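J.: File name my_file28.cif; file contents mmCIF, C-alpha atoms and all ligand atoms; full text below.
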```
data_upload
#
loop_
_atom_site.label_atom_id
_atom_site.label_comp_id
_atom_site.auth_asym_id
_atom_site.auth_seq_id
_atom_site.Cartn_x
_atom_site.Cartn_y
_atom_site.Cartn_z
CA MET A 30 212.76 94.20 53.88
CA ARG A 31 212.97 92.55 50.46
CA GLU A 32 215.64 93.81 48.13
CA ALA A 33 214.99 95.57 44.84
CA VAL A 34 215.36 94.12 41.35
CA LEU A 35 217.75 95.95 39.05
CA ALA A 36 216.50 95.99 35.44
CA ILE A 37 219.25 96.77 32.92
CA GLY A 38 217.96 97.39 29.40
CA GLY A 39 216.43 99.69 26.84
CA VAL A 40 213.53 102.11 27.03
CA ASP A 41 210.79 101.15 24.58
CA SER A 42 208.97 104.45 23.98
CA SER A 43 205.71 102.57 23.33
CA GLY A 44 205.87 101.05 26.83
CA GLY A 45 205.34 97.53 25.48
CA ALA A 46 208.72 96.07 26.39
CA GLY A 47 212.08 97.08 27.91
CA VAL A 48 212.78 98.53 31.36
CA LEU A 49 209.38 100.26 31.59
CA ARG A 50 207.77 96.83 31.25
CA ASP A 51 210.26 95.28 33.69
CA SER A 52 209.55 97.95 36.27
CA ALA A 53 205.76 97.57 35.83
CA THR A 54 206.08 93.77 36.17
CA VAL A 55 208.16 93.94 39.34
CA GLY A 56 205.75 96.53 40.80
CA ALA A 57 202.68 94.42 39.92
CA LEU A 58 204.22 91.50 41.84
CA GLY A 59 204.81 93.62 44.93
CA GLY A 60 208.51 94.40 44.42
CA VAL A 61 210.60 97.47 43.83
CA ALA A 62 212.64 98.01 40.65
CA ARG A 63 215.70 100.10 39.97
CA VAL A 64 216.71 100.63 36.36
CA ALA A 65 219.88 101.18 34.34
CA VAL A 66 218.99 102.42 30.85
CA THR A 67 221.25 101.14 28.07
CA ALA A 68 219.47 102.78 25.14
CA VAL A 69 216.41 104.88 24.37
CA THR A 70 214.35 103.65 21.44
CA ALA A 71 211.61 105.39 19.49
CA GLN A 72 209.18 102.63 18.51
CA ASN A 73 205.62 101.46 18.23
CA ASP A 74 204.20 97.96 17.70
CA HIS A 75 205.16 98.01 14.01
CA ALA A 76 208.58 99.66 13.77
CA VAL A 77 211.62 101.03 15.58
CA SER A 78 212.46 104.45 14.09
CA ALA A 79 215.48 105.39 16.25
CA VAL A 80 217.87 103.94 18.81
CA HIS A 81 220.00 106.24 20.97
CA VAL A 82 222.64 104.23 22.84
CA MET A 83 223.70 105.56 26.26
CA PRO A 84 227.37 106.28 26.95
CA ALA A 85 228.84 103.22 28.71
CA ASP A 86 229.94 105.25 31.76
CA VAL A 87 226.39 106.49 32.27
CA VAL A 88 225.20 102.87 32.32
CA VAL A 89 227.86 102.06 34.94
CA ASP A 90 226.80 105.09 37.02
CA GLN A 91 223.19 103.94 37.01
CA ILE A 92 224.18 100.40 38.08
CA GLU A 93 226.36 101.73 40.88
CA MET A 94 223.63 104.07 42.13
CA ALA A 95 221.24 101.11 42.38
CA GLY A 96 223.37 99.86 45.29
CA SER A 97 222.77 96.41 46.73
CA VAL A 98 219.95 94.55 44.96
CA GLY A 99 218.28 91.15 45.36
CA ALA A 100 218.44 90.17 41.68
CA VAL A 101 219.34 91.58 38.27
CA LYS A 102 217.42 91.27 35.01
CA ILE A 103 219.24 92.19 31.80
CA GLY A 104 217.53 92.85 28.47
CA MET A 105 218.57 95.02 25.49
CA LEU A 106 222.30 95.81 25.47
CA ALA A 107 222.74 97.35 21.99
CA THR A 108 226.56 97.33 21.64
CA ALA A 109 229.77 95.64 22.80
CA ALA A 110 230.68 98.76 24.81
CA ILE A 111 227.48 98.47 26.82
CA VAL A 112 227.91 94.70 27.27
CA GLY A 113 231.44 95.30 28.60
CA ALA A 114 230.29 98.03 30.98
CA VAL A 115 227.49 95.84 32.35
CA ALA A 116 229.82 92.83 32.74
CA THR A 117 232.26 94.99 34.72
CA ALA A 118 229.72 96.72 36.96
CA LEU A 119 227.30 93.82 37.52
CA PRO A 120 226.33 93.63 41.20
CA ARG A 121 226.65 90.37 43.11
CA ALA A 122 223.09 89.00 42.94
CA PRO A 123 221.24 86.32 40.97
CA CYS A 124 221.28 87.43 37.34
CA VAL A 125 218.67 86.66 34.65
CA LEU A 126 219.71 87.50 31.08
CA ASP A 127 217.06 87.74 28.37
CA PRO A 128 219.27 87.75 25.25
CA VAL A 129 217.28 90.34 23.31
CA LEU A 130 218.51 90.32 19.72
CA MET A 131 215.63 91.79 17.73
CA SER A 132 212.28 93.54 18.28
CA SER A 133 209.11 91.75 17.15
CA SER A 134 208.95 94.41 14.43
CA GLY A 135 212.31 93.14 13.08
CA HIS A 136 214.81 95.77 14.27
CA MET A 137 218.19 94.54 15.59
CA LEU A 138 218.62 95.50 19.26
CA LEU A 139 222.15 94.05 19.70
CA ASP A 140 224.85 94.48 17.05
CA ASP A 141 227.24 91.79 15.88
CA LEU A 142 230.19 92.74 18.11
CA GLY A 143 227.73 93.09 20.97
CA LEU A 144 226.65 89.48 20.50
CA SER A 145 230.27 88.26 20.62
CA ALA A 146 230.87 90.33 23.78
CA LEU A 147 227.70 88.98 25.37
CA LEU A 148 228.87 85.40 24.85
CA GLU A 149 232.43 86.03 25.99
CA ARG A 150 232.00 88.44 28.87
CA LEU A 151 228.46 88.20 30.20
CA LEU A 152 227.40 84.59 29.73
CA PRO A 153 229.75 83.22 32.43
CA LYS A 154 228.20 85.63 34.97
CA VAL A 155 224.61 84.66 34.27
CA ASP A 156 222.50 82.44 36.54
CA LEU A 157 219.66 82.03 34.08
CA LEU A 158 219.56 82.68 30.32
CA THR A 159 216.06 82.94 28.81
CA PRO A 160 216.30 82.63 25.00
CA ASN A 161 213.37 81.96 22.68
CA VAL A 162 214.10 79.41 19.97
CA PRO A 163 215.52 81.84 17.34
CA GLU A 164 217.77 83.39 20.04
CA LEU A 165 218.89 79.95 21.25
CA THR A 166 219.95 78.84 17.78
CA ALA A 167 221.58 82.22 16.99
CA LEU A 168 223.70 82.01 20.17
CA ALA A 169 224.69 78.39 19.56
CA ARG A 170 225.61 79.20 15.95
CA ARG A 171 228.13 81.75 17.24
CA PHE A 172 229.90 78.90 18.99
CA GLY A 173 230.15 77.15 15.61
CA ARG A 174 227.13 74.92 16.18
CA ALA A 175 224.65 74.91 13.30
CA ASP A 176 222.59 72.33 15.20
CA GLU A 177 218.87 73.02 15.44
CA ASP A 178 218.40 70.55 18.29
CA HIS A 179 217.36 72.55 21.36
CA HIS A 180 218.92 70.10 23.82
CA VAL A 181 222.27 70.30 22.06
CA CYS A 182 222.17 74.12 21.91
CA ALA A 183 221.15 74.45 25.58
CA ALA A 184 223.88 72.00 26.65
CA LEU A 185 226.44 74.03 24.70
CA LEU A 186 225.42 77.30 26.41
CA LEU A 187 225.65 75.61 29.82
CA GLN A 188 229.10 74.38 28.88
CA LYS A 189 230.05 77.98 27.98
CA GLY A 190 229.39 79.10 31.52
CA CYS A 191 225.82 80.19 32.26
CA ARG A 192 224.32 78.23 35.14
CA ALA A 193 220.85 77.50 33.68
CA VAL A 194 219.00 77.94 30.39
CA LEU A 195 215.24 78.37 30.02
CA VAL A 196 214.24 77.74 26.40
CA LYS A 197 210.93 79.50 25.76
CA GLY A 198 208.57 77.79 23.37
CA GLY A 199 205.94 80.54 23.38
CA HIS A 200 205.93 81.10 19.62
CA ALA A 201 205.80 77.41 18.69
CA GLU A 202 202.63 75.73 17.42
CA GLY A 203 200.44 73.51 19.61
CA LYS A 204 197.84 73.67 22.36
CA ALA A 205 200.31 74.25 25.16
CA SER A 206 203.10 76.76 25.70
CA GLU A 207 206.09 74.79 26.96
CA ASP A 208 209.29 76.21 28.40
CA HIS A 209 212.20 73.87 29.14
CA LEU A 210 214.61 74.53 31.99
CA TYR A 211 218.10 73.06 31.57
CA LEU A 212 220.64 72.77 34.37
CA PRO A 213 223.96 70.94 34.06
CA ASP A 214 223.33 68.36 36.77
CA ARG A 215 219.78 67.08 36.19
CA PRO A 216 217.27 66.21 33.44
CA ARG A 217 215.40 69.15 31.91
CA VAL A 218 212.21 70.33 33.62
CA THR A 219 209.22 71.44 31.51
CA PHE A 220 206.85 74.24 32.51
CA THR A 221 203.51 74.16 30.71
CA ALA A 222 200.61 76.59 30.35
CA PRO A 223 197.62 76.51 27.98
CA ARG A 224 198.40 78.49 24.82
CA ILE A 225 196.48 81.78 24.70
CA ASP A 226 195.54 83.31 21.37
CA ALA A 227 196.61 86.89 22.12
CA THR A 228 199.20 89.36 20.91
CA LEU A 229 201.15 91.01 23.70
CA ARG A 230 204.43 92.90 23.42
CA GLY A 231 207.15 92.33 25.97
CA THR A 232 206.24 88.79 27.07
CA GLY A 233 209.96 87.93 27.32
CA CYS A 234 210.57 91.00 29.50
CA ARG A 235 207.62 90.10 31.72
CA LEU A 236 208.81 86.51 32.20
CA ALA A 237 212.46 87.36 32.92
CA SER A 238 211.69 90.24 35.29
CA ALA A 239 209.07 88.17 37.15
CA ILE A 240 211.68 85.39 37.57
CA ALA A 241 214.18 87.97 38.87
CA LEU A 242 211.61 89.29 41.36
CA HIS A 243 210.99 85.79 42.72
CA LEU A 244 214.74 85.12 42.97
CA ALA A 245 215.13 88.42 44.85
CA ASN A 246 212.46 87.15 47.25
CA GLY A 247 214.60 84.06 47.90
CA ASP A 248 212.53 81.55 45.92
CA SER A 249 214.19 78.55 44.25
CA LEU A 250 214.81 78.73 40.50
CA ASP A 251 212.09 76.13 39.80
CA HIS A 252 209.54 78.04 41.86
CA ALA A 253 210.57 81.38 40.32
CA VAL A 254 210.15 80.06 36.77
CA GLY A 255 206.78 78.42 37.53
CA ALA A 256 205.39 81.52 39.24
CA ALA A 257 206.65 83.82 36.47
CA LYS A 258 205.08 81.62 33.80
CA ASN A 259 201.75 81.78 35.67
CA HIS A 260 202.05 85.56 35.77
CA VAL A 261 202.63 85.82 32.00
CA HIS A 262 199.76 83.38 31.37
CA LYS A 263 197.42 85.65 33.41
CA GLU A 264 198.56 88.74 31.50
CA LEU A 265 198.03 86.99 28.15
CA THR A 266 194.55 85.91 29.26
CA LEU A 267 193.74 89.50 30.24
CA ALA A 268 195.02 90.79 26.88
CA ARG A 269 192.89 88.26 25.01
CA ASP A 270 189.78 89.10 27.08
CA MET A 271 190.29 92.84 26.58
CA ALA A 272 190.74 92.36 22.82
CA SER A 273 187.54 90.32 22.54
CA ALA A 274 185.62 92.83 24.73
CA SER A 275 186.69 95.67 22.43
CA MET A 276 185.57 93.60 19.40
CA VAL A 277 182.12 93.21 21.01
CA GLY A 278 181.89 96.98 21.49
CA ALA A 279 183.15 97.77 17.96
CA PRO A 280 180.66 99.12 15.41
CA HIS A 281 179.66 96.71 12.60
CA GLY A 282 179.46 97.50 8.95
N1 LIG B 1 212.47 97.17 22.71
C1 LIG B 1 213.17 97.04 23.83
C2 LIG B 1 213.80 98.24 24.43
C3 LIG B 1 213.29 95.78 24.43
O1 LIG B 1 213.99 95.63 25.54
C4 LIG B 1 212.67 94.67 23.84
C5 LIG B 1 212.73 93.34 24.44
O2 LIG B 1 213.29 93.12 25.48
C6 LIG B 1 211.97 94.84 22.67
C7 LIG B 1 211.88 96.10 22.14
C8 LIG B 1 211.35 93.69 22.00
O3 LIG B 1 210.11 93.42 22.52
P1 LIG B 1 209.04 92.79 21.56
O4 LIG B 1 209.52 91.40 21.28
O5 LIG B 1 207.77 92.83 22.33
O6 LIG B 1 209.03 93.65 20.32
#
```
Please re-express this file's structure in structure tokens.
T.:
Amino acid sequence: MREAVLAIGGVDSSGGAGVLRDSATVGALGGVARVAVTAVTAQNDHAVSAVHVMPADVVVDQIEMAGSVGAVKIGMLATAAIVGAVATALPRAPCVLDPVLMSSSGHMLLDDLGLSALLERLLPKVDLLTPNVPELTALARRFGRADEDHHVCAALLLQKGCRAVLVKGGHAEGKASEDHLYLPDRPRVTFTAPRIDATLRGTGCRLASAIALHLANGDSLDHAVGAAKNHVHKELTLARDMASASMVGAPHG
């Protein structure tokens, strides 16, 4: 039997992102998810109105109760106390860390000390880090690197201990969405999909949890990233088609 994916992260009350999205993604791809909730947020697509951070020992309890898992996906961590608890209790399994810093609506989801703790304590335990470009540069800046060059930033994060970095280019301009996978011992590999004109919350959660599911199934990192990118592309296509169908049905005037 295939092992479960453990999703560690926040609850987004709107269901767009966070562990609810992770669990739905893993389920849609035929897997089973366990969750460890780090924080409960009250939010919609436009704003976060409240964040209630879980006690660190409750996060540890949830991780321990998940038992043996095939892969771990980590998202929102909120504070240094939660980062420390997760670093201590992390099960032995491939680990994908989506370094969630801010919601699309602009609310910080990891505080300043939390970011330092993430870099010091969690980064060396991570098999794959999946930053978007603003996250990549924010992380590199914390290591004293004001460089905007993605290759330089990714190389720095590899040097600081994570085993691979996937730089997501989803929000960049252009006809294609390109993600670049960096490993220490080979040239970068680029994963490309046609850019879809759609708005969808939680694309980062979908990608990272789909990668974790494929790693739990025993797939190689390259295959896991490619398959997860295809999955997100399909979901974006569906979101675009549903939006245009609802426009067709909308009253004029
Ligand atoms: N809220 C929670 C709990 C999340 O985990 C995340 C992302 O992982 C977000 C919000 C941000 O998602 P979005 O970029 O779709 O706003």
J.: Give me the residues within 8 Å of Ala109 of chain A as a PyMOL selection string, counting all atoms listed in the file and dropping any in the same chain fewer than 6 places off.
T.: chain A and resi 140+142-147
J.: Counting all atoms listed in the file, which protein, DNA or RNA residues come within 6 Å of ligand LIG 1 (chain B), given as a PyMOL selection string?
T.: chain A and resi 38-41+46-47+104-105+129+132-134+230-231+234
J.: Which is closer to Lys154 of chain A than all the others in A:Met131, A:Ala169, A:Leu244, A:Leu187, using only C-alpha atoms?
T.: A:Leu187
J.: Near Ala71 of chain A, within 8 Å and counting only C-alpha atoms, which residues show up once chain neighbours fewer than 3 positions away are dropped, as a PyMOL selection string?
T.: chain A and resi 41-43+77-80
J.: In Å, rounded to a single decimal, give me how far atom CA of Gly255 of chain A is from atom CA of Gln188 of chain A.
T.: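 A separation of 24.3 Å between them.
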J.: Quick check, in Å to one decimal: how far apart do atom CA of Gly45 of chain A and atom CA of Ala237 of chain A lie?
T.: 14.5 Å
J.: Work out how far atom CA of Pro123 of chain A is from atom CA of Ala183 of chain A, in Å to one decimal.
T.: 19.4 Å
J.: Near segment 194-209 of chain A, counting all atoms listed in the file, which residues have an atom at most 8 Å away, once you skip same-chain residues fewer than 4 positions from it, shown as a short mmCIF file (atom, residue, chain, number, x, y, z; two decimals) with C-alpha atoms, in the coordinates of the input?
T.:
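Saved to selection37.cif:
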```cif
data_model
loop_
_atom_site.label_atom_id
_atom_site.label_comp_id
_atom_site.auth_asym_id
_atom_site.auth_seq_id
_atom_site.Cartn_x
_atom_site.Cartn_y
_atom_site.Cartn_z
CA LEU A 157 219.66 82.03 34.08
CA LEU A 158 219.56 82.68 30.32
CA THR A 159 216.06 82.94 28.81
CA PRO A 160 216.30 82.63 25.00
CA ASN A 161 213.37 81.96 22.68
CA VAL A 162 214.10 79.41 19.97
CA LEU A 165 218.89 79.95 21.25
CA HIS A 179 217.36 72.55 21.36
CA ALA A 183 221.15 74.45 25.58
CA LEU A 186 225.42 77.30 26.41
CA LEU A 187 225.65 75.61 29.82
CA ARG A 217 215.40 69.15 31.91
CA VAL A 218 212.21 70.33 33.62
CA THR A 219 209.22 71.44 31.51
CA PHE A 220 206.85 74.24 32.51
CA THR A 221 203.51 74.16 30.71
CA ALA A 222 200.61 76.59 30.35
CA PRO A 223 197.62 76.51 27.98
CA ARG A 224 198.40 78.49 24.82
#
```
